[in-house]
Amino acid sequence: MRCLLIATNKVRTPYPVYPLALACLAGALIEAGHEVEQFDCMGQQDDVDQKLAAAITRFAPDLVGLSIRNLDSEDSSRPESFLNNAIQIMEMVRDNTSSPIVIGGAAFSLMPEHIMELLQADYGIVGEGEQLIVELADALSNNKLSGEKILRAQLSHSPWKNLCYDEKISSYYLERGGILNIQTKRGCPYRCAYCSYPLLEGKQLRTRDPEAVVEDVMRLERDYNARYIFFTDSVFNDPGDSYLEICEALIRRGNKLPWTGYFRPTRMNREHMDIMKRAGLDAMEVGTDCGCDTTLTSLNKGFSFDDAVYFNTLAAEFKIPCAHFIMFGAPGENKETVRESLDNLERLESAVLMAFNGIRILPNTEIHARAITDGIIEEGQNLIEPTYYFSPDITPEEIDSLISKSWKNRPDRICPGASDTDRVALFHKKGFTGPIWDKIIRMGWK
């Protein structure tokens with residue numbers, strides 16, 4: 001069966017991100033004997049509609065898959081839904097083929113019934129799609145459909161072992177920072193009140209073989225000329241320490257590619273930091289989330305602000321830049337906690353801070369239940385449009401004012417955290433690699 005996979009994401013904030021879902025799905029389909037073509041809407045830049053129509057006409061797919069990565073910008077200062085874009089792409093596909101269309105991706109999995117109704121797709125896949133899209137393609141090939149429209153995945157241990165990156169797609173991202181992505185594990189055991197990762201990937205960690213991960217790193221450098229790797233795990237430094245096994249494997253293979261990922265500011269010592277540094281760790285994006293213990297507790301973060309300070313100090317000792325992501329407006333936030341947070345955040349020396357005002361409310365999270373209790377939303381309210389939790393004890397305008405006064409004329413303080421896209425694009429255009437925010441810290445270390 002001929003399967004056309006389409007990544008609908010067009011958002012370049014904070015920098016363009018390779019559509020890893022397509023590589024996972026394509027690998028599974030090809031292994032099962034299906035023919036696959038991948039189409040990345042962001043990588044097309046101009047004339048996306050015409051190029052997509054031409055690809056459909058030329059390839060003549062028997063099945064079309066649409067991956068929807070994000071619901072919206074998750075930035076209350078610039079609330080923007082991305083579903084209209086997905087609807088437009090769906091209409092373009094419908095105009096050019098009568099073949100069945102299946103939709104999936106993280107955004108779809110959070111609100112499948114609502115998005116199915118919006119897009120009027122033939123099928124939808126909730127959760128991990130590698131196995132189900134193969135089963136769907138097989139069933140269509142053999143005319144043995146079950147009648148189910150929304151297919152729900154059972155979590156498997158290692159479903160993404162065969163990744164099929166696309167050379168044409170990767171070239172777009174390599175020209176804009178040199179970054180390609182790899183996932184080393186799925187699942188998240190933590191209970192952060194706002195987070196959808198446990199809903200999407202499960203609470204149990206499922207890790208890939210370290211040697212397979214390192215082989216992917218080597219392959220991306222050798223075959224695709226990647227210059228930087230982003231490990232896209234929900235948290236790289238997992239409590240089972242599988243990340244250290246990956247780092248040790250990178251060291252054994254003599255890895256020279258710099259890399260980064262998402263980190264939790266806990267369970268770190270000098271030995272861990274040294275292993276990561278020798279393995280190629282270049283920078284860390286840290287989910288600190290709050291600047292004081294009151295709001296850290298309200299979001300179930302499971303660590304104190306002192307833990308974050310220790311983590312940051314250790315990273316600076318090893319000359320590893322950190323970007324801490326901070327959310328204001330959590331339950332219990334008031335003028336006093338904002339002032340305390342702004343004071344505390346100054347303890348994160350040699351670090352970039354990226355702040356957001358308000359917390360995107362996602363279904364079935366703890367912040368969703370809290371928002372109902374606090375009267376911010378109604379029970380059963382449709383959350384497809386960007387909807388945010390703000391503490392009832394302080395207005396968003398008051399938070400903005402306090403942040404602006406404290407961070408005025410600070411290039412290492414970015415609020416909102418997604419507002420630096422133009423500067424990032426400019427640096428990438430000049431040939432710089434990586435996430436770019438790290439350059440702010442490195443200039444201070446010279």
# chains A, B, ... in the order shown; residues from 1 in each chain; ligands from 1
>>> select_by_dssp(residues="range 319-433 of chain A", states="alpha helix (DSSP H)", output="PyMOL selection string")
chain A and resi 335-345+366-373+396-407+421-429
>>> write_last_selection(atoms="C-alpha atoms", output="PDB file, in the first residue's frame")
ATOM      1  CA  LYS A 335       2.232  39.378  44.382  1.00  0.00           C
ATOM      2  CA  GLU A 336       4.392  38.034  47.194  1.00  0.00           C
ATOM      3  CA  THR A 337       5.207  34.761  45.432  1.00  0.00           C
ATOM      4  CA  VAL A 338       6.001  36.565  42.177  1.00  0.00           C
ATOM      5  CA  ARG A 339       8.388  38.911  43.990  1.00  0.00           C
ATOM      6  CA  GLU A 340       9.930  35.981  45.853  1.00  0.00           C
ATOM      7  CA  SER A 341      10.338  34.076  42.585  1.00  0.00           C
ATOM      8  CA  LEU A 342      11.987  36.999  40.814  1.00  0.00           C
ATOM      9  CA  ASP A 343      14.427  37.363  43.704  1.00  0.00           C
ATOM     10  CA  ASN A 344      15.104  33.613  43.790  1.00  0.00           C
ATOM     11  CA  LEU A 345      15.651  33.396  40.051  1.00  0.00           C
ATOM     12  CA  GLU A 366      -4.538  18.134  37.596  1.00  0.00           C
ATOM     13  CA  ILE A 367      -4.518  21.793  36.563  1.00  0.00           C
ATOM     14  CA  HIS A 368      -7.703  21.028  34.613  1.00  0.00           C
ATOM     15  CA  ALA A 369      -9.422  19.843  37.798  1.00  0.00           C
ATOM     16  CA  ARG A 370      -8.030  22.802  39.741  1.00  0.00           C
ATOM     17  CA  ALA A 371      -9.318  25.238  37.122  1.00  0.00           C
ATOM     18  CA  ILE A 372     -12.828  23.812  37.532  1.00  0.00           C
ATOM     19  CA  THR A 373     -12.590  24.065  41.320  1.00  0.00           C
ATOM     20  CA  PRO A 396      -1.968  38.527  34.523  1.00  0.00           C
ATOM     21  CA  GLU A 397      -1.332  42.261  34.081  1.00  0.00           C
ATOM     22  CA  GLU A 398       0.148  42.509  37.574  1.00  0.00           C
ATOM     23  CA  ILE A 399       2.445  39.562  36.843  1.00  0.00           C
ATOM     24  CA  ASP A 400       3.566  41.106  33.558  1.00  0.00           C
ATOM     25  CA  SER A 401       4.310  44.408  35.276  1.00  0.00           C
ATOM     26  CA  LEU A 402       6.441  42.807  37.991  1.00  0.00           C
ATOM     27  CA  ILE A 403       8.396  40.723  35.474  1.00  0.00           C
ATOM     28  CA  SER A 404       8.972  43.678  33.145  1.00  0.00           C
ATOM     29  CA  LYS A 405      10.370  45.836  35.949  1.00  0.00           C
ATOM     30  CA  SER A 406      12.705  43.094  37.140  1.00  0.00           C
ATOM     31  CA  TRP A 407      13.935  41.900  33.745  1.00  0.00           C
ATOM     32  CA  THR A 421      12.247  33.405  17.312  1.00  0.00           C
ATOM     33  CA  ASP A 422      13.527  36.179  15.029  1.00  0.00           C
ATOM     34  CA  ARG A 423      16.883  36.399  16.783  1.00  0.00           C
ATOM     35  CA  VAL A 424      17.261  32.607  16.687  1.00  0.00           C
ATOM     36  CA  ALA A 425      16.497  32.568  12.949  1.00  0.00           C
ATOM     37  CA  LEU A 426      19.055  35.316  12.330  1.00  0.00           C
ATOM     38  CA  PHE A 427      21.822  33.397  14.123  1.00  0.00           C
ATOM     39  CA  HIS A 428      20.946  30.210  12.254  1.00  0.00           C
ATOM     40  CA  LYS A 429      21.062  32.121   8.965  1.00  0.00           C
TER      41      LYS A 429
END
>>> residues_around(residues="range 273-286 of chain A", least_positions_apart="5", cutoff="7 Å", atoms="only C-alpha atoms", output="number ranges by chain")
A: 247-248, 250-251, 255-265, 320-325, 438
>>> atom_distance(atom1="CA of Glu215 in chain A", atom2="CA of Leu136 in chain A")
29.7 Å
>>> closest_atom_pairs(of="range 20-60 of chain A", to="range 4-12 of chain A", cutoff="10 Å", atoms="only C-alpha atoms", output="Markdown table")
| residue | atom | partner | partner_atom | distance |
| --- | --- | --- | --- | --- |
| A:Leu20 | CA | A:Ala7 | CA | 9.3 |
| A:Ala21 | CA | A:Ala7 | CA | 8.1 |
| A:Leu22 | CA | A:Leu5 | CA | 6.5 |
| A:Ala23 | CA | A:Leu5 | CA | 9.5 |
| A:Leu25 | CA | A:Leu5 | CA | 8.1 |
| A:Ala26 | CA | A:Leu5 | CA | 7.6 |
| A:Glu35 | CA | A:Leu4 | CA | 8.6 |
| A:Val36 | CA | A:Leu4 | CA | 5.9 |
| A:Glu37 | CA | A:Leu4 | CA | 5.0 |
| A:Gln38 | CA | A:Leu5 | CA | 4.9 |
| A:Phe39 | CA | A:Ile6 | CA | 4.8 |
| A:Asp40 | CA | A:Ala7 | CA | 4.9 |
| A:Cys41 | CA | A:Thr8 | CA | 5.5 |
| A:Met42 | CA | A:Lys10 | CA | 4.4 |
| A:Gly43 | CA | A:Lys10 | CA | 8.1 |
| A:Gln44 | CA | A:Lys10 | CA | 9.4 |
| A:Gln45 | CA | A:Lys10 | CA | 8.5 |
| A:Leu52 | CA | A:Ile6 | CA | 9.0 |
| A:Ala55 | CA | A:Leu4 | CA | 8.9 |
| A:Ile56 | CA | A:Leu4 | CA | 7.8 |
| A:Phe59 | CA | A:Leu4 | CA | 7.9 |
| A:Ala60 | CA | A:Leu4 | CA | 8.6 |
>>> closest_residue(among="A:Met327, A:Ala86, A:Leu353, A:Val126", to="Gly105 in chain A", atoms="only C-alpha atoms")
A:Val126
>>> select_by_dssp(residues="range 130-306 of chain A", states="strand (DSSP E)", output="JSON, numbers by chain")
{"A": [150, 151, 152, 179, 180, 181, 182, 185, 186, 206, 207, 228, 229, 230, 231, 259, 260, 261, 262, 263, 284, 285, 286, 287, 288, 289]}
>>> residues_around(residues="Pro416 in chain A", least_positions_apart="6", cutoff="8 Å", atoms="only C-alpha atoms", output="ChimeraX atom specification")
/A:75,77,354-357
>>> write_last_selection(atoms="C-alpha atoms", output="JSON list (two decimals), in the first residue's frame")
[["chain", "number", "residue", "atom", "x", "y", "z"],
["A", 75, "ASP", "CA", 1.56, 31.34, 25.04],
["A", 77, "SER", "CA", 0.40, 36.66, 25.36],
["A", 354, "MET", "CA", 12.36, 31.87, 29.55],
["A", 355, "ALA", "CA", 9.12, 32.78, 31.26],
["A", 356, "PHE", "CA", 5.44, 32.35, 30.43],
["A", 357, "ASN", "CA", 2.47, 33.98, 32.12]]
>>> closest_residue(among="A:Val102, A:Ile179, A:Ile384, A:Ala28", to="Leu66 in chain A", atoms="only C-alpha atoms")
A:Val102
>>> atom_distance(atom1="CA of Thr395 in chain A", atom2="CA of Leu83 in chain A")
28.3 Å
>>> residues_around(residues="range 185-192 of chain A", least_positions_apart="5", cutoff="6 Å", atoms="only C-alpha atoms", output="mmCIF file with C-alpha atoms, in the first residue's frame")
data_model
loop_
_atom_site.group_PDB
_atom_site.id
_atom_site.type_symbol
_atom_site.label_atom_id
_atom_site.label_comp_id
_atom_site.auth_asym_id
_atom_site.auth_seq_id
_atom_site.Cartn_x
_atom_site.Cartn_y
_atom_site.Cartn_z
ATOM 1 C CA PRO A 198 2.036 10.849 31.172
ATOM 2 C CA GLU A 201 3.221 8.223 26.682
ATOM 3 C CA GLY A 202 2.210 6.552 29.941
ATOM 4 C CA LYS A 203 3.767 6.818 33.382
ATOM 5 C CA GLN A 204 6.160 3.888 32.990
ATOM 6 C CA LEU A 205 9.494 4.559 31.316
ATOM 7 C CA ARG A 206 10.195 2.477 28.223
ATOM 8 C CA THR A 207 13.778 2.808 27.119
ATOM 9 C CA ARG A 208 15.566 2.048 23.868
ATOM 10 C CA ASP A 233 12.546 12.653 25.725
ATOM 11 C CA LEU A 299 2.326 22.094 40.529
ATOM 12 C CA ASN A 300 3.530 18.812 42.111
ATOM 13 C CA LYS A 301 7.066 19.330 40.843
#
>>> closest_residue(among="A:Asp49, A:Val217, A:Thr266, A:Tyr123", to="Glu148 in chain A", atoms="only C-alpha atoms")
A:Tyr123
>>> closest_residue(among="A:Met1, A:Cys415, A:Leu348, A:Leu200", to="Ala107 in chain A", atoms="only C-alpha atoms")
A:Leu200
